[in-house]
$ cat run35.txt   # compact mmCIF, C-alpha atoms and all ligand atoms
# COMPACT_ATOMS: atom_id res chain seq x y z
CA MET A 252 -15.49 -21.66 -13.19
CA SER A 253 -13.44 -20.82 -16.24
CA ARG A 254 -10.29 -19.39 -17.61
CA VAL A 255 -10.36 -15.98 -19.25
CA ALA A 256 -7.93 -15.14 -22.04
CA LEU A 257 -7.15 -11.88 -23.79
CA GLU A 258 -5.18 -11.94 -27.00
CA GLY A 259 -3.78 -8.74 -28.49
CA VAL A 260 -6.59 -6.66 -27.03
CA THR A 261 -6.53 -2.93 -27.77
CA ARG A 262 -9.10 -0.28 -26.96
CA LYS A 263 -8.85 3.22 -28.34
CA PHE A 264 -10.97 6.23 -27.46
CA GLY A 265 -10.17 8.72 -30.21
CA ASP A 266 -6.47 9.52 -29.75
CA VAL A 267 -6.23 7.78 -26.39
CA THR A 268 -5.13 4.16 -26.36
CA ALA A 269 -6.62 3.04 -23.06
CA VAL A 270 -5.47 -0.58 -23.45
CA ASP A 271 -2.61 -1.40 -25.77
CA ASN A 272 -2.17 -4.90 -27.20
CA LEU A 273 -2.95 -6.75 -23.98
CA THR A 274 -2.30 -10.48 -23.97
CA LEU A 275 -3.07 -12.15 -20.67
CA GLU A 276 -4.47 -15.46 -19.52
CA ILE A 277 -6.27 -15.79 -16.22
CA LYS A 278 -6.34 -19.43 -15.24
CA ASP A 279 -9.32 -21.36 -14.01
CA GLU A 280 -9.70 -20.80 -10.24
CA GLU A 281 -7.05 -18.10 -10.26
CA PHE A 282 -7.21 -14.82 -8.34
CA LEU A 283 -5.53 -12.35 -10.65
CA VAL A 284 -5.05 -8.73 -9.66
CA LEU A 285 -4.83 -6.05 -12.31
CA LEU A 286 -2.74 -3.30 -10.74
CA GLY A 287 -1.59 0.11 -11.91
CA PRO A 288 -1.90 3.86 -11.37
CA SER A 289 -5.02 5.85 -12.14
CA GLY A 290 -5.79 6.01 -15.84
CA CYS A 291 -3.59 3.05 -16.85
CA GLY A 292 -6.49 1.15 -18.41
CA LYS A 293 -7.50 -1.33 -15.70
CA SER A 294 -11.23 -0.61 -15.76
CA THR A 295 -11.28 -0.51 -19.54
CA ALA A 296 -9.68 -3.97 -19.66
CA LEU A 297 -12.22 -5.31 -17.16
CA ARG A 298 -15.14 -3.68 -18.96
CA MET A 299 -14.08 -5.34 -22.21
CA ILE A 300 -14.10 -8.74 -20.52
CA ALA A 301 -17.57 -7.95 -19.19
CA GLY A 302 -18.71 -6.85 -22.64
CA LEU A 303 -19.49 -3.29 -21.55
CA GLU A 304 -16.84 -1.98 -23.91
CA ASP A 305 -15.84 -3.34 -27.32
CA PRO A 306 -12.19 -3.95 -28.12
CA THR A 307 -10.84 -2.02 -31.10
CA GLU A 308 -8.69 -5.07 -31.81
CA GLY A 309 -8.04 -8.50 -30.35
CA THR A 310 -10.03 -11.42 -29.01
CA ILE A 311 -11.45 -12.24 -25.61
CA GLN A 312 -12.21 -15.78 -24.53
CA ILE A 313 -14.18 -16.97 -21.53
CA GLY A 314 -13.92 -20.72 -21.09
CA ASP A 315 -13.48 -22.11 -24.58
CA ARG A 316 -15.60 -19.56 -26.34
CA VAL A 317 -14.62 -16.31 -28.03
CA VAL A 318 -17.02 -13.76 -26.58
CA ASN A 319 -16.31 -10.66 -28.66
CA ASP A 320 -19.78 -10.85 -30.16
CA VAL A 321 -21.57 -12.19 -27.10
CA GLU A 322 -23.87 -9.82 -25.20
CA PRO A 323 -22.77 -8.93 -21.65
CA LYS A 324 -25.74 -10.75 -20.13
CA ASP A 325 -24.82 -13.93 -21.99
CA ARG A 326 -21.16 -13.95 -20.94
CA ASP A 327 -21.95 -15.60 -17.62
CA ILE A 328 -19.73 -13.38 -15.51
CA ALA A 329 -20.54 -11.29 -12.45
CA MET A 330 -19.20 -7.83 -11.84
CA VAL A 331 -18.72 -6.05 -8.52
CA PHE A 332 -17.98 -2.34 -8.52
CA GLN A 333 -16.77 0.23 -6.04
CA SER A 334 -20.28 1.65 -5.84
CA TYR A 335 -22.43 -1.23 -4.72
CA ALA A 336 -25.32 -0.35 -7.03
CA LEU A 337 -27.90 -2.07 -4.84
CA TYR A 338 -31.58 -1.46 -5.45
CA PRO A 339 -32.54 0.89 -2.58
CA HIS A 340 -36.23 -0.02 -2.50
CA MET A 341 -35.57 -3.77 -2.26
CA THR A 342 -34.62 -5.71 0.86
CA VAL A 343 -31.28 -7.47 1.07
CA GLU A 344 -33.04 -10.72 0.27
CA ARG A 345 -34.63 -9.31 -2.91
CA ASN A 346 -31.36 -7.69 -3.96
CA ILE A 347 -29.50 -10.99 -3.72
CA GLU A 348 -32.35 -12.78 -5.48
CA PHE A 349 -32.51 -10.32 -8.36
CA PRO A 350 -30.00 -11.98 -10.74
CA LEU A 351 -31.76 -15.32 -10.27
CA LYS A 352 -35.15 -13.81 -10.99
CA SER A 353 -33.97 -12.05 -14.11
CA ARG A 354 -32.61 -15.39 -15.32
CA ASN A 355 -35.93 -17.08 -14.70
CA VAL A 356 -34.64 -19.46 -12.05
CA PRO A 357 -37.78 -21.14 -10.65
CA LYS A 358 -39.11 -19.60 -7.46
CA GLU A 359 -38.75 -22.79 -5.39
CA ASP A 360 -34.99 -22.92 -6.11
CA ARG A 361 -34.34 -19.25 -5.49
CA ALA A 362 -34.91 -19.09 -1.74
CA GLY A 363 -32.33 -21.79 -1.00
CA GLN A 364 -29.71 -20.20 -3.22
CA VAL A 365 -30.25 -16.77 -1.68
CA LEU A 366 -29.93 -18.21 1.80
CA GLU A 367 -26.74 -20.05 0.91
CA ALA A 368 -25.11 -16.91 -0.50
CA ALA A 369 -26.29 -14.82 2.45
CA ARG A 370 -24.86 -17.36 4.91
CA MET A 371 -21.50 -17.36 3.18
CA LEU A 372 -21.25 -13.63 3.73
CA ASP A 373 -22.81 -13.54 7.21
CA LEU A 374 -25.82 -11.64 5.94
CA GLU A 375 -28.55 -13.83 7.30
CA PRO A 376 -29.56 -11.42 10.09
CA PHE A 377 -30.04 -8.60 7.60
CA LEU A 378 -32.15 -10.26 4.92
CA LYS A 379 -35.25 -8.18 5.66
CA ARG A 380 -33.46 -4.82 5.79
CA LYS A 381 -33.12 -2.25 3.02
CA PRO A 382 -29.62 -1.15 1.90
CA ALA A 383 -30.00 2.24 3.64
CA GLU A 384 -30.19 0.37 6.96
CA LEU A 385 -26.78 -1.27 6.49
CA SER A 386 -23.18 -0.16 7.03
CA GLY A 387 -20.84 0.30 4.06
CA GLY A 388 -19.18 -3.05 4.70
CA GLN A 389 -22.51 -4.84 4.93
CA ARG A 390 -23.67 -3.26 1.68
CA GLN A 391 -20.52 -4.39 -0.03
CA ARG A 392 -21.16 -7.90 1.23
CA VAL A 393 -24.68 -7.78 -0.23
CA ALA A 394 -23.15 -6.79 -3.58
CA LEU A 395 -20.81 -9.78 -3.28
CA ALA A 396 -23.66 -12.11 -2.34
CA ARG A 397 -25.59 -10.91 -5.36
CA ALA A 398 -22.55 -11.69 -7.50
CA ILE A 399 -21.96 -15.20 -6.15
CA VAL A 400 -25.60 -16.30 -5.98
CA ARG A 401 -25.73 -17.48 -9.55
CA ARG A 402 -22.29 -19.12 -9.71
CA PRO A 403 -20.91 -17.35 -12.77
CA GLN A 404 -17.88 -18.53 -14.76
CA ALA A 405 -15.79 -15.63 -13.46
CA PHE A 406 -15.96 -12.63 -11.15
CA LEU A 407 -14.81 -9.22 -12.26
CA MET A 408 -14.21 -6.78 -9.43
CA ASP A 409 -13.33 -3.13 -9.92
CA GLU A 410 -11.91 -1.56 -6.74
CA PRO A 411 -14.68 -3.17 -4.67
CA LEU A 412 -13.17 -2.16 -1.32
CA SER A 413 -12.23 1.44 -1.92
CA ASN A 414 -15.35 2.87 -0.27
CA LEU A 415 -14.60 1.12 3.00
CA ASP A 416 -12.59 2.54 5.89
CA ALA A 417 -9.11 1.14 6.54
CA LYS A 418 -10.10 -1.39 9.20
CA LEU A 419 -13.07 -2.73 7.29
CA ARG A 420 -10.98 -2.94 4.16
CA VAL A 421 -8.48 -5.25 5.84
CA GLN A 422 -11.30 -7.42 7.16
CA THR A 423 -13.22 -7.55 3.87
CA ARG A 424 -9.98 -8.28 2.01
CA ALA A 425 -9.46 -11.38 4.13
CA GLU A 426 -13.11 -12.41 3.63
CA LEU A 427 -12.79 -12.05 -0.12
CA ILE A 428 -9.68 -14.21 -0.21
CA GLU A 429 -11.44 -16.85 1.86
CA LEU A 430 -14.51 -16.68 -0.38
CA GLN A 431 -12.45 -17.10 -3.52
CA ARG A 432 -10.71 -20.17 -2.09
CA ARG A 433 -14.02 -21.64 -0.96
CA LEU A 434 -15.83 -21.12 -4.25
CA LEU A 435 -12.72 -21.99 -6.29
CA ALA A 436 -13.65 -18.94 -8.27
CA THR A 437 -11.84 -17.30 -11.16
CA VAL A 438 -11.46 -13.68 -10.06
CA ILE A 439 -10.08 -10.69 -11.91
CA TYR A 440 -9.66 -7.93 -9.38
CA VAL A 441 -8.76 -4.35 -10.28
CA THR A 442 -7.01 -2.07 -7.82
CA HIS A 443 -4.43 0.70 -7.66
CA ASP A 444 -3.56 -0.37 -4.12
CA GLN A 445 -0.38 -2.42 -4.12
CA VAL A 446 -1.04 -3.80 -0.65
CA GLU A 447 -4.31 -5.31 -1.89
CA ALA A 448 -2.48 -6.67 -4.91
CA MET A 449 0.35 -8.20 -2.89
CA THR A 450 -1.95 -9.79 -0.33
CA MET A 451 -4.81 -11.00 -2.52
CA GLY A 452 -3.46 -12.11 -5.86
CA HIS A 453 -2.10 -15.48 -6.88
CA ARG A 454 -0.55 -13.37 -9.61
CA ILE A 455 -0.41 -9.64 -10.25
CA ALA A 456 -0.54 -8.05 -13.71
CA ILE A 457 0.88 -4.54 -13.62
CA MET A 458 -0.18 -2.00 -16.24
CA GLU A 459 1.06 1.46 -17.09
CA LYS A 460 -0.33 3.69 -19.83
CA GLY A 461 -2.37 0.84 -21.27
CA VAL A 462 0.64 -1.47 -21.55
CA LEU A 463 1.16 -4.63 -19.52
CA GLN A 464 4.50 -4.32 -17.70
CA GLN A 465 4.85 -7.60 -15.83
CA VAL A 466 2.80 -10.59 -14.70
CA GLY A 467 3.87 -12.82 -11.84
CA ALA A 468 3.42 -14.04 -8.31
CA PRO A 469 3.57 -11.11 -5.85
CA SER A 470 6.82 -12.30 -4.28
CA ASP A 471 8.50 -12.73 -7.69
CA VAL A 472 7.44 -9.29 -8.86
CA TYR A 473 8.74 -7.80 -5.62
CA ALA A 474 12.04 -9.66 -5.79
CA LYS A 475 12.62 -9.19 -9.53
CA PRO A 476 10.77 -6.24 -11.00
CA ALA A 477 11.06 -6.36 -14.80
CA ASN A 478 11.60 -2.65 -15.20
CA LEU A 479 11.98 0.62 -13.31
CA PHE A 480 8.27 1.38 -13.41
CA VAL A 481 7.39 -1.86 -11.59
CA ALA A 482 10.38 -1.45 -9.26
CA ARG A 483 9.16 1.93 -8.11
CA PHE A 484 5.45 1.08 -8.08
CA ILE A 485 5.65 -2.05 -5.89
CA GLY A 486 6.94 -1.61 -2.36
CA ASN A 487 6.27 0.89 0.39
CA PRO A 488 8.37 2.85 1.07
CA PRO A 489 9.45 2.61 -2.55
CA MET A 490 12.74 1.21 -3.82
CA ASN A 491 15.64 3.67 -3.68
CA THR A 492 17.17 4.37 -7.07
CA VAL A 493 20.37 6.15 -8.13
CA GLU A 494 21.49 6.76 -11.68
CA GLY A 495 25.09 6.72 -12.84
CA ASP A 496 27.66 5.65 -15.44
CA LEU A 497 28.81 2.07 -15.63
CA THR A 498 32.56 1.75 -15.24
CA ASP A 499 34.89 -1.19 -14.68
CA GLY A 500 34.75 -0.55 -10.95
CA GLY A 501 30.97 -0.36 -10.71
CA LEU A 502 28.37 2.37 -10.99
CA ARG A 503 29.81 5.86 -10.83
CA VAL A 504 27.52 8.42 -9.20
CA HIS A 505 29.28 11.80 -8.99
CA GLU A 506 32.54 11.13 -7.10
CA LEU A 507 31.39 7.83 -5.66
CA THR A 508 31.82 4.48 -7.36
CA ILE A 509 29.44 1.85 -6.02
CA PRO A 510 30.74 -1.67 -6.63
CA LEU A 511 28.24 -3.98 -8.33
CA PRO A 512 27.72 -7.71 -7.91
CA ASP A 513 29.65 -9.54 -10.67
CA ALA A 514 26.55 -11.01 -12.27
CA ALA A 515 24.83 -7.64 -12.58
CA ALA A 516 27.95 -5.88 -13.87
CA GLY A 517 28.55 -8.69 -16.38
CA ALA A 518 24.98 -8.65 -17.66
CA ALA A 519 25.06 -4.88 -18.07
CA ARG A 520 28.35 -5.02 -19.96
CA GLN A 521 27.00 -7.77 -22.21
CA ALA A 522 23.91 -5.70 -22.99
CA GLY A 523 26.08 -2.70 -23.85
CA VAL A 524 24.51 -0.54 -21.14
CA ARG A 525 26.43 2.66 -20.31
CA ARG A 526 24.01 4.58 -18.17
CA ALA A 527 22.30 2.54 -15.47
CA VAL A 528 20.01 2.87 -12.50
CA LEU A 529 20.80 0.96 -9.35
CA GLY A 530 17.87 0.05 -7.15
CA ILE A 531 17.89 -1.06 -3.54
CA ARG A 532 14.88 -1.60 -1.33
CA PRO A 533 14.81 0.27 2.01
CA GLU A 534 15.06 -2.98 4.00
CA HIS A 535 18.25 -3.99 2.18
CA LEU A 536 20.23 -0.95 3.34
CA SER A 537 21.92 -0.98 6.68
CA ILE A 538 23.29 1.71 8.89
CA GLY A 539 26.80 1.35 10.23
CA THR A 540 30.10 3.11 10.59
CA ASP A 541 31.99 1.67 7.65
CA GLY A 542 29.40 1.81 4.85
CA LEU A 543 30.33 3.25 1.49
CA ILE A 544 27.57 5.81 1.21
CA ALA A 545 27.58 8.89 3.43
CA ALA A 546 24.10 10.16 4.27
CA THR A 547 22.57 12.68 6.63
CA VAL A 548 19.38 11.81 8.47
CA THR A 549 16.58 14.29 7.76
CA VAL A 550 13.55 12.56 9.30
CA VAL A 551 13.00 9.46 11.40
CA GLU A 552 9.51 7.98 11.08
CA ALA A 553 8.66 5.56 13.87
CA LEU A 554 5.77 3.29 12.86
CA GLY A 555 5.69 1.06 15.89
CA HIS A 556 6.83 -2.24 14.38
CA GLU A 557 9.45 -0.59 12.18
CA ARG A 558 11.18 2.66 11.46
CA HIS A 559 11.82 4.58 8.25
CA VAL A 560 15.00 6.63 8.28
CA ILE A 561 14.89 9.26 5.56
CA CYS A 562 18.31 10.52 4.57
CA ARG A 563 19.92 12.80 2.02
CA LEU A 564 23.06 11.89 0.13
CA GLU A 565 25.81 14.44 -0.51
CA ASP A 566 24.21 15.35 -3.85
CA ASP A 567 20.87 15.92 -2.10
CA GLN A 568 19.19 12.74 -3.39
CA MET A 569 16.77 11.21 -0.93
CA ILE A 570 17.29 7.68 0.30
CA ILE A 571 15.11 5.67 2.69
CA VAL A 572 16.29 2.98 5.10
CA ARG A 573 13.86 0.63 6.78
CA GLN A 574 14.83 -0.74 10.18
CA PRO A 575 13.15 -2.93 12.78
CA SER A 576 12.17 -0.87 15.82
CA SER A 577 14.49 -3.01 17.94
CA ASP A 578 17.55 -1.46 16.21
CA PRO A 579 18.98 1.66 17.85
CA SER A 580 17.43 4.74 16.32
CA PRO A 581 19.63 7.30 14.57
CA SER A 582 18.88 10.95 15.32
CA GLU A 583 17.82 13.63 12.93
CA GLY A 584 20.79 15.59 11.62
CA GLU A 585 23.22 12.74 12.24
CA THR A 586 25.59 11.69 9.45
CA LEU A 587 25.67 7.95 8.80
CA ARG A 588 27.40 5.44 6.57
CA LEU A 589 25.03 3.21 4.65
CA SER A 590 25.80 -0.12 3.08
CA ALA A 591 23.74 -2.09 0.59
CA ASP A 592 23.24 -5.83 0.67
CA PRO A 593 24.84 -6.86 -2.67
CA GLU A 594 22.50 -9.85 -3.04
CA HIS A 595 19.58 -7.47 -3.27
CA VAL A 596 20.88 -4.89 -5.67
CA HIS A 597 18.73 -4.34 -8.79
CA LEU A 598 20.18 -2.92 -11.98
CA PHE A 599 18.25 -1.26 -14.80
CA ASP A 600 19.16 0.24 -18.15
CA ALA A 601 18.65 3.99 -17.61
CA THR A 602 17.51 4.50 -21.21
CA SER A 603 14.98 1.70 -21.62
CA GLY A 604 14.18 1.21 -17.93
CA GLN A 605 14.49 -2.58 -18.41
CA ARG A 606 16.08 -4.81 -15.81
CA VAL A 607 19.54 -5.92 -16.92
CA ASP A 608 20.59 -8.37 -14.27
CA GLY A 609 18.31 -11.28 -15.19
N1 LIG B 1 -15.38 6.43 -22.50
C1 LIG B 1 -14.17 6.98 -22.59
N2 LIG B 1 -13.91 7.96 -23.49
C2 LIG B 1 -12.68 8.49 -23.61
N3 LIG B 1 -11.63 8.12 -22.88
C3 LIG B 1 -11.81 7.16 -21.96
C4 LIG B 1 -13.08 6.53 -21.76
N4 LIG B 1 -12.95 5.61 -20.78
C5 LIG B 1 -11.67 5.66 -20.38
N5 LIG B 1 -10.98 6.59 -21.08
C6 LIG B 1 -9.54 6.89 -20.94
O1 LIG B 1 -8.81 5.68 -21.02
C7 LIG B 1 -7.75 5.66 -20.07
C8 LIG B 1 -7.91 4.47 -19.16
O2 LIG B 1 -9.05 4.63 -18.35
P1 LIG B 1 -9.50 3.57 -17.26
O3 LIG B 1 -10.78 4.01 -16.69
O4 LIG B 1 -9.44 2.21 -17.87
O5 LIG B 1 -8.32 3.72 -16.18
P2 LIG B 1 -8.16 3.02 -14.75
O6 LIG B 1 -6.84 2.34 -14.77
O7 LIG B 1 -9.34 2.21 -14.42
O8 LIG B 1 -8.04 4.29 -13.77
P3 LIG B 1 -8.62 4.51 -12.27
O9 LIG B 1 -7.64 3.81 -11.36
O10 LIG B 1 -8.56 5.98 -12.11
O11 LIG B 1 -10.01 3.95 -12.20
C9 LIG B 1 -7.79 7.00 -19.36
O12 LIG B 1 -6.87 7.85 -19.98
C10 LIG B 1 -9.21 7.46 -19.58
O13 LIG B 1 -9.27 8.87 -19.58
MG MG B 2 -10.83 2.35 -12.95

$ encode --input "run35.txt" --output "C-alpha cells" --more "lines below"
Ligand SMILES: Nc1ncnc2c1ncn2[C@@H]1O[C@H](COP(=O)(O)OP(=O)(O)OP(=O)(O)O)[C@@H](O)[C@H]1O
Ligand SMILES: [Mg+2]
Amino acid sequence: MSRVALEGVTRKFGDVTAVDNLTLEIKDEEFLVLLGPSGCGKSTALRMIAGLEDPTEGTIQIGDRVVNDVEPKDRDIAMVFQSYALYPHMTVERNIEFPLKSRNVPKEDRAGQVLEAARMLDLEPFLKRKPAELSGGQRQRVALARAIVRRPQAFLMDEPLSNLDAKLRVQTRAELIELQRRLLATVIYVTHDQVEAMTMGHRIAIMEKGVLQQVGAPSDVYAKPANLFVARFIGNPPMNTVEGDLTDGGLRVHELTIPLPDAAAGAARQAGVRRAVLGIRPEHLSIGTDGLIAATVTVVEALGHERHVICRLEDDQMIIVRQPSSDPSPSEGETLRLSADPEHVHLFDATSGQRVDG
C-alpha cells in the first residue's frame, strides 16, 4: 500500500472552483475520511486522485510517483462507488475476477485470488449467483471484493454505503473498518455523514466550498474545531452558538453577560476580537436552579439512551441540552436555568469564524 499526496490541487469547472488549492497527505495504511456537505468538492477531489478528472493546478502523488500524467488504469488504485456498477450478466465469481482478467493475470492464479477475496467478505456461498439475486448489502460486498482482489496501492471510496438501509450500514461500516485493518490498506473514503466519518477515520479532512477546513483525528476535531463551520458541522445535535460583544466581564449577549474562561478571554483580547461567537456542545450544558442562562423548554426528545431538551432563550434563540435518560426529565413549557461547563466553552471570531482560544 502507499501514501497519497495532493499539493496545491485546484479543479475549476468554468466559473466554479470545485476544489480550491487542496494540500493533503494520506499516509500509508491510513483510513482518511473526506467529509463535507453536498457540493463541497469531495467527489471531485477523489476523481482527481483516480485520474478521472484532471487538476487545473497542482500535483498528485501516489507512492513516490507524480501521477498527473498517468492514465487511470495505470495508477494502481481501486475505486468503490455508491452504485455498485457490477456486471449484471456475470456471476459474482466472474465479477470479482474481472479486474484480474483485464490485467492478464494468468488463469491458474485467478481462482485462488477470487476465492480469498470472496472469503474475506463472506461471499463464498454466492459465487455462482448473478447480482440481481443478491441483497443490496451483498452487492456492495461484491463491489468491495472486486476492489480488493488485485491489492491496489490505495482504495478510493465514494459514499459506498449510502444505498444501504440503516442497520446494514452500521454492519457494513464495521466490516469495512475491519477489512482496512486486516489489509493494512490506504483508504480515502468520501462521505457527508459525520457519524461515518467519526467512527471510521483515523483522521477526518473536512471541506467546505472546495476549501479544506481542518484535518485531524475525529476526537481532536470534535474537541477543538478550527472554525465555526467545523464546529457546527461535527456533532449531533449540533453545537449551540451565541453571538455577542466581548467586554471585560465576558461575552455580552443582549442584557446578559456570560463570563468566559480566562484563557479564552485573554486570547480573544490579544487577537483584537470585538464580536465573538461562543459555542457549547449540548452535553456540556446542565440544567439546574442557579444557572446563569434562563431558558424555556419547548420540546423534550426522548431517544432511549439519552434525551435532547430543546429550549428557547429570552431572545428566542434555540438552545439544545443533552442529558442522560437517568436524569429527571424537565417538562415542556417549564422555565429552567442552564449553566455551561467552562472547560468546554469554544470561542470564535464572529467576523472570520476562526477559533480564537487555541
Ligand atoms: N463536470 C462538472 N461540470 C461542472 N461542474 C461540476 C462538475 N462536477 C462537479 N461540479 C461542481 O463542482 C462542485 C463540487 O462537486 P462534487 O461532486 O465534487 O461535490 P461533492 O462534495 O461530491 O457533493 P455530493 O456530496 O453531493 O456528492 C459542485 O458545485 C458541482 O456542481
Ligand atoms: Mg460526491

$ atom_distance --input "run35.txt" --atom1 "CA of Glu280 in chain A" --atom2 "CA of Tyr440 in chain A"
12.9 Å

$ residues_near_ligand --input "run35.txt" --ligand "ligand MG 2 (chain B)" --cutoff "9 Å" --atoms "only C-alpha atoms and all ligand atoms" --output "list in words"
Ser289, Gly290, Cys291, Gly292, Lys293, Ser294, Thr295, Leu297, Asp409, Glu410, Val441, Thr442 and His443 of chain A

$ residues_around --input "run35.txt" --residues "range 419-424 of chain A" --least-positions-apart "5" --cutoff "10 Å" --atoms "all atoms listed in the file" --output "PyMOL selection string"
chain A and resi 387-389+391-392+411-414+429-430+446-447+450-451

$ residues_around --input "run35.txt" --residues "Ile347 in chain A" --least-positions-apart "2" --cutoff "9 Å" --atoms "only C-alpha atoms" --output "list of chain:residue names"
A:Thr342, A:Val343, A:Glu344, A:Arg345, A:Phe349, A:Pro350, A:Leu351, A:Val365, A:Ala368, A:Ala369, A:Val393, A:Ala394, A:Leu395, A:Ala396, A:Arg397, A:Ala398, A:Ile399, A:Val400

$ atom_distance --input "run35.txt" --atom1 "CA of Cys562 in chain A" --atom2 "CA of Glu583 in chain A"
8.9 Å

$ residues_around --input "run35.txt" --residues "Ile571 in chain A" --least-positions-apart "5" --cutoff "6 Å" --atoms "only C-alpha atoms" --output "PyMOL selection string"
chain A and resi 533+560-561

$ write_last_selection --input "run35.txt" --atoms "C-alpha atoms" --output "short mmCIF file (atom, residue, chain, number, x, y, z; two decimals), in the coordinates of the input"
data_model
loop_
_atom_site.label_atom_id
_atom_site.label_comp_id
_atom_site.auth_asym_id
_atom_site.auth_seq_id
_atom_site.Cartn_x
_atom_site.Cartn_y
_atom_site.Cartn_z
CA PRO A 533 14.81 0.27 2.01
CA VAL A 560 15.00 6.63 8.28
CA ILE A 561 14.89 9.26 5.56
#

$ residues_around --input "run35.txt" --residues "His340 in chain A" --least-positions-apart "2" --cutoff "12 Å" --atoms "only C-alpha atoms" --output "number ranges by chain"
A: 336-338, 342-346, 379-384

$ closest_residue --input "run35.txt" --among "A:Asp416, A:Ile457, A:Arg361, A:Thr437" --to "ligand LIG 1 (chain B)" --atoms "only C-alpha atoms and all ligand atoms"
A:Ile457

$ atom_distance --input "run35.txt" --atom1 "CA of Gly555 in chain A" --atom2 "CA of His453 in chain A"
29.2 Å

$ closest_residue --input "run35.txt" --among "A:Leu257, A:Leu415, A:Leu286, A:Ala591" --to "ligand LIG 1 (chain B)" --atoms "only C-alpha atoms and all ligand atoms"
A:Leu286
